[in-house]
Structures are given as structure tokens and as C-alpha cells.
Amino acid sequence: MRQICLIPTGKDIAAKIKKMESKVLDVRWIFSPFDQIKVKLALSEMERGEFLEIFSECGKQFQEVCDEIHKLSGKIEQIDKITNHSGYPYDYRIRVLKQ
């Protein structure tokens, strides 16, 4: 029995690396509804399988951003609390997969 081994080409590897890279969107200090509009625009410009990292303030903005992600069929892969120096206890980094 003969086995065939497919070796990925440079284009295949580059496509996988591109999908692993994240675009970054910082919506801290942006007032509602403009933060949600920025999230919507960023996700609409992305292709399926790409990642977006969103930096958001804690509280109401975080909840609004998460709601907008769910409305647009994005999948939240990871949420990290990050410390800041702006007087708030922490901010969030939300990693989203475009589906």
C-alpha cells in the first residue's frame, strides 16, 4: 500500500499564519453607541477564521461589546482582565473568532 504525504506549500503556511494573527481594536474611552459601531465594522471587514482582539473598559461597555459580538455571530475565544492606570480597576481583552 502506497502512502502519499502532502507537504504544505509556502502559500498554505502563509494562509495559516495569517489566520492565527489578530487584528486589534481598542474601544476604551469611546462612548456608546460608537464602540459597538467600531466592533461591527471591524468584524464585517474580516474574513471567516480570522481573529480580532478588542480592548474594552470594565462594566457597561464590556457587556455591550460582548452583546454586539454575539449578534454578529462572532465566537468569543478568550477574555482576559488586564490592569490599567486609568483609575478603573481593570480593562478587558476579548479575543474573537469571526465565524
# chains A, B, ... in the order shown; residues from 1 in each chain; ligands from 1

$ residues_around --residues "range 47-55 of chain A" --least-positions-apart "4" --cutoff "10 Å" --atoms "only C-alpha atoms" --output "ChimeraX atom specification"
/A:16,18-28,39,42-43,62,65-66,74-82,91-99

$ atom_distance --atom1 "CA of Glu45 in chain A" --atom2 "CA of Thr83 in chain A"
29.3 Å

$ atom_distance --atom1 "CA of Ser73 in chain A" --atom2 "CA of Tyr90 in chain A"
26.4 Å

$ atom_distance --atom1 "CA of Ser32 in chain A" --atom2 "CA of Met46 in chain A"
22.1 Å
